[in-house]
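Undergrad: One structure follows; several queries about it will come next.
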Amino acid sequence: MKSGRRRDWSAYLFALPFLALFGAFVAAPVLYGLGLSMTRWELLSREPAVFAGADNFREALSDPYFWKALAATFRFVALATPATVLLALVAALGLHALRGRRQSLYRAAYFAPTLITISVAGILWRWFYNSEFGLFNALLAPFGLKAPWLTDPAWAMPSIALMTVWWTLGGPVVVLLAGLQQIPAPYLEAAELDGAGPWQRLRSVTLPLLRPVLLFVVVLNVIGAFQVFGQVYMITRGGPEMTTRTLVQYVYETAFNNYRMGYAAALSWLLFAIIAALSVAQFRLMRER
Amino acid sequence: MRPCRLIPALAIAVALLLTGCGARRSSPVTIRFWNGFTGPDGRTMLRMVQRFNAENPDVQVLMQRMDWSTYYNKLFVAGIGGRAPEVFVLHTRVMRRFSEAGFARPVDDLLSGPEPLDAGDLDANVWAAVRFGGRHHGLPLDVHPLGMYANRRLLREAGVVDARGGPALPADGPSLLAAARRVTKSAAPGQPPRWGFVFANGLTNAYTLMRQFGGEFFTPDGARCTMDDPRNARALRFCADLVRRERVAPAPESFDAWIGFRQGKVAMAFEGIYMLADLRKQTDLDFTGAPVPRIGPRPAVWADSHNLCLREGMDERRLRAAWRFVKYLSDHSLDWAEGGQVPVRRSLRDTERFRKMKVQAAFARQIADVRYLPSLPFVFEFETELGIAVDRALRGSASPEEALRTAAANVNRVIARRRAAGVAP
């Protein structure tokens, strides 16, 4: 027991550099934000911050724009996450079947978009989507079609989700591919000897063994999708008719356009609570029994 | 190769050292100047700053440009932290918010100081718009009103011509509608569609018409938003009808408005004078500029101004230098006008040089009629609501009356919230 405790201490010592940074730049601001969420503080007035209890949270619950932003966020997650994970799984299975240099080449190709910063990717896709000179409508023009990619309330969010899938696919592909490579080959060989076809091998051997990796990918992707900001900010700024204004965008506008710091902090904490609850639920659902 | 590279590097280092020493000897005052001129206007401004620096060796102006949307965030964070630049630009529509927070030093005493400037030379309405609590919180550099840009070729081809065969620019509602109808019909079958008009910016376009129809946005005491004023609804109805009923303007959901005008698909659009530089780069567009037609019963046109503002709490020497720079920009605002702006010094506009700037001079005829957006502490929320109302009406997802009613109710909620927090009347 004693030696165990001593090891604990040395572990903390090793973790200290990280803990110091984490404390200063994550934990402290998060707690500060929690305190802020219980104040009324309009930055551009001369009034100081005033304690307001749960007022900000009450306001959020009766704020139609909060619900609208929440709905937009859920719509984005529902569009982007399943598509990303499924496509990544298919791509990883395909890559897994390749060998050597060709595998590295395609893996790099899938990963390349992720390396582009969002401001560049966003501007690029805003041009792709442009209804007058955009690439996509130029491709559709020979068929006499013209799509309102970003200008129609029904189209805008799927367009942003599509761009996001392209942009973020690489990460999950690489992780899932690594997961696939961890599955011992004898399991699959045994299944094949037992007469299992490719589909059955995938369903009964590969996917169950891939489950922890899949869980990791899904949880990270959901968390990331809930925090969507860059794409929306660069491509639609929340329009048309606010149909793509997601929660983080609303938090940003509340804090930095309306200068209502307390309310913005409260909205952030609500978003945090939602993400935390969903992450726990996903762990419960997909935990190995 | 490497030693060769080293020599210029050394030379630069030595030069830096030398200028550093030189600077210390005469110690010029450093003035930081922030603005959002990231387009061609930024290059114009940079040249003016460079000229000022050359002519004033005792002052060194360092200009920093950033995108307007992030500019205001950076400015207010810097201001809160006490690190605001000595000189910065504020739009008239945000002046009240920033001056109430104590950001911008009133300039009234400087006008009659050692480097005087006659405020009587400024356009009275532009100057009055930066006055809060009896004092002016910045020096207006320009006014950038909306104006009508017209594609001369499309008008001519549609037969919208005057007696001499040149394109006839509409000056009122009926002639605008007639011209727009003719252009829209003039597209040959099988050819890409042509549009008479396009809403290049819903908010400024609709705001212009609302003011022309005499609509108000708030009660005089500012206690209630009256955006749903029936006169505003009538103006918005005119706009929506161009799209929905007359079909002479493309629906916003399927068209990139300004690009469409630049591509020569649209005959007329109302946009700010600052778009001029954009159009000038294009050699294949035969365009002209004119005042916005008078569609409602009274003349009115949306505009905003760039104001040169000074930070609070500068020492005497720094303040002098900053003001000298501000006055220099104002005195040389004809250079600024070249890039697509209207200077607000009447003596400068009354020159041959300005009259030769055809489009600027045409837009400048509207100065007496310019209407700024209401001056509010919650300007962003107001603009968001107005923008959405216009958008909904143009898309046909709500009637103009209903869209404005919703917007007014939302703004009134903001007012009620501020009143409950004790920051509003």
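Chain labels follow the order of the structure tokens: the first chain is A, the next B, and so on; residue numbering restarts at 1 in every chain, and ligands are counted from 1 in their shown order.
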Quick one: contact table of chain A to chain B, 8 Å max, nearest atom pair and distance in Å to one decimal per residue, counting only C-alpha atoms, chain and number order, as a Markdown table?

TA:
```
| residue | atom | partner | partner_atom | distance |
| --- | --- | --- | --- | --- |
| A:Arg40 | CA | B:Ala421 | CA | 8.0 |
| A:Leu44 | CA | B:Ala101 | CA | 5.3 |
| A:Ser45 | CA | B:Ala101 | CA | 5.3 |
| A:Arg46 | CA | B:Ala101 | CA | 5.9 |
| A:Asn130 | CA | B:Asp256 | CA | 7.1 |
| A:Ser131 | CA | B:Phe255 | CA | 6.0 |
| A:Glu132 | CA | B:Asp256 | CA | 6.1 |
| A:Ala147 | CA | B:Ser254 | CA | 7.4 |
| A:Pro148 | CA | B:Ser254 | CA | 5.0 |
| A:Thr151 | CA | B:Glu253 | CA | 4.5 |
| A:Asp152 | CA | B:Glu253 | CA | 4.8 |
| A:Pro153 | CA | B:Glu253 | CA | 7.9 |
| A:Pro240 | CA | B:Asp391 | CA | 7.9 |
| A:Glu241 | CA | B:Ile388 | CA | 5.7 |
| A:Met242 | CA | B:Ile388 | CA | 7.9 |
| A:Phe256 | CA | B:Asn73 | CA | 6.0 |
| A:Asn257 | CA | B:Phe380 | CA | 6.3 |
| A:Asn258 | CA | B:Phe380 | CA | 6.4 |
```

Undergrad: Determine which residues of region 287-339 of chain B receive a DSSP assignment of alpha helix (DSSP H), computed from the backbone, and state them as a list of chain:residue names.

TA: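 Listing alpha helix (DSSP H) positions across region 287-339 of chain B yields B:Glu316, B:Arg317, B:Arg318, B:Leu319, B:Arg320, B:Ala321, B:Ala322, B:Trp323, B:Arg324, B:Phe325, B:Val326, B:Lys327, B:Tyr328, B:Leu329, B:Ser330, B:Asp331, B:Ser333, B:Leu334, B:Asp335, B:Trp336, B:Ala337, B:Glu338.
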
Undergrad: Produce a file of the selected residues containing C-alpha atoms, as an mmCIF file, in the first residue's frame.

TA:
```cif
data_model
loop_
_atom_site.group_PDB
_atom_site.id
_atom_site.type_symbol
_atom_site.label_atom_id
_atom_site.label_comp_id
_atom_site.auth_asym_id
_atom_site.auth_seq_id
_atom_site.Cartn_x
_atom_site.Cartn_y
_atom_site.Cartn_z
ATOM 1 C CA GLU B 316 -0.884 66.512 -24.157
ATOM 2 C CA ARG B 317 1.949 65.705 -26.569
ATOM 3 C CA ARG B 318 0.408 62.490 -27.790
ATOM 4 C CA LEU B 319 -3.015 64.055 -28.119
ATOM 5 C CA ARG B 320 -1.569 66.875 -30.226
ATOM 6 C CA ALA B 321 0.137 64.414 -32.540
ATOM 7 C CA ALA B 322 -2.971 62.236 -32.829
ATOM 8 C CA TRP B 323 -5.138 65.229 -33.642
ATOM 9 C CA ARG B 324 -2.663 66.486 -36.221
ATOM 10 C CA PHE B 325 -2.940 63.103 -37.925
ATOM 11 C CA VAL B 326 -6.743 63.093 -37.764
ATOM 12 C CA LYS B 327 -6.890 66.599 -39.196
ATOM 13 C CA TYR B 328 -4.442 65.591 -41.927
ATOM 14 C CA LEU B 329 -6.707 62.740 -43.031
ATOM 15 C CA SER B 330 -9.708 65.055 -43.034
ATOM 16 C CA ASP B 331 -7.829 67.738 -44.995
ATOM 17 C CA SER B 333 -10.072 63.282 -47.759
ATOM 18 C CA LEU B 334 -10.193 63.844 -51.516
ATOM 19 C CA ASP B 335 -7.454 61.229 -51.760
ATOM 20 C CA TRP B 336 -9.709 59.014 -49.673
ATOM 21 C CA ALA B 337 -12.633 59.781 -51.979
ATOM 22 C CA GLU B 338 -10.766 58.348 -54.977
#
```

Undergrad: For CA of Ala83 (chain A) and CA of Pro172 (chain A), quote the distance in Å rounded to one decimal.

TA: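 These atoms are spaced 11.5 Å apart.
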
Undergrad: When you count only C-alpha atoms, which of these residues is closest to Met286 (chain A): A:Leu210, A:Ala109, A:Leu36, A:Leu19?

TA: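 For Met286 (chain A), the nearest of the given residues is A:Leu210.
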
Undergrad: Measuring between only C-alpha atoms, which one of A:Phe74, A:Trp127, A:Tyr263, A:Trp166 shows the shortest distance to Ala88 (chain A)?

TA: A:Trp166

Undergrad: For region 223-227 of chain B, list every protein, DNA or RNA residue within 8 Å, evaluated using only C-alpha atoms, and leave out those in the same chain fewer than 6 positions away; present the list as a list in words.

TA: Gly215, Glu216, Phe217, Leu404, Arg405, Ala407, Ala408, Ala409, Val411, Asn412, Ile415 and Pro425 of chain B

Undergrad: Which residues are near Leu135 (chain A)? Cut-off 12 Å, only C-alpha atoms, ignore same chain within fewer than 2 positions. Put them as a list in words.

TA: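 The residues that qualify are Leu124, Trp125, Arg126, Trp127, Phe128, Tyr129, Asn130, Ser131, Glu132, Phe133, Asn137, Ala138, Leu139, Leu140, Ala141, Lys146, Ala147 and Trp149 of chain A.
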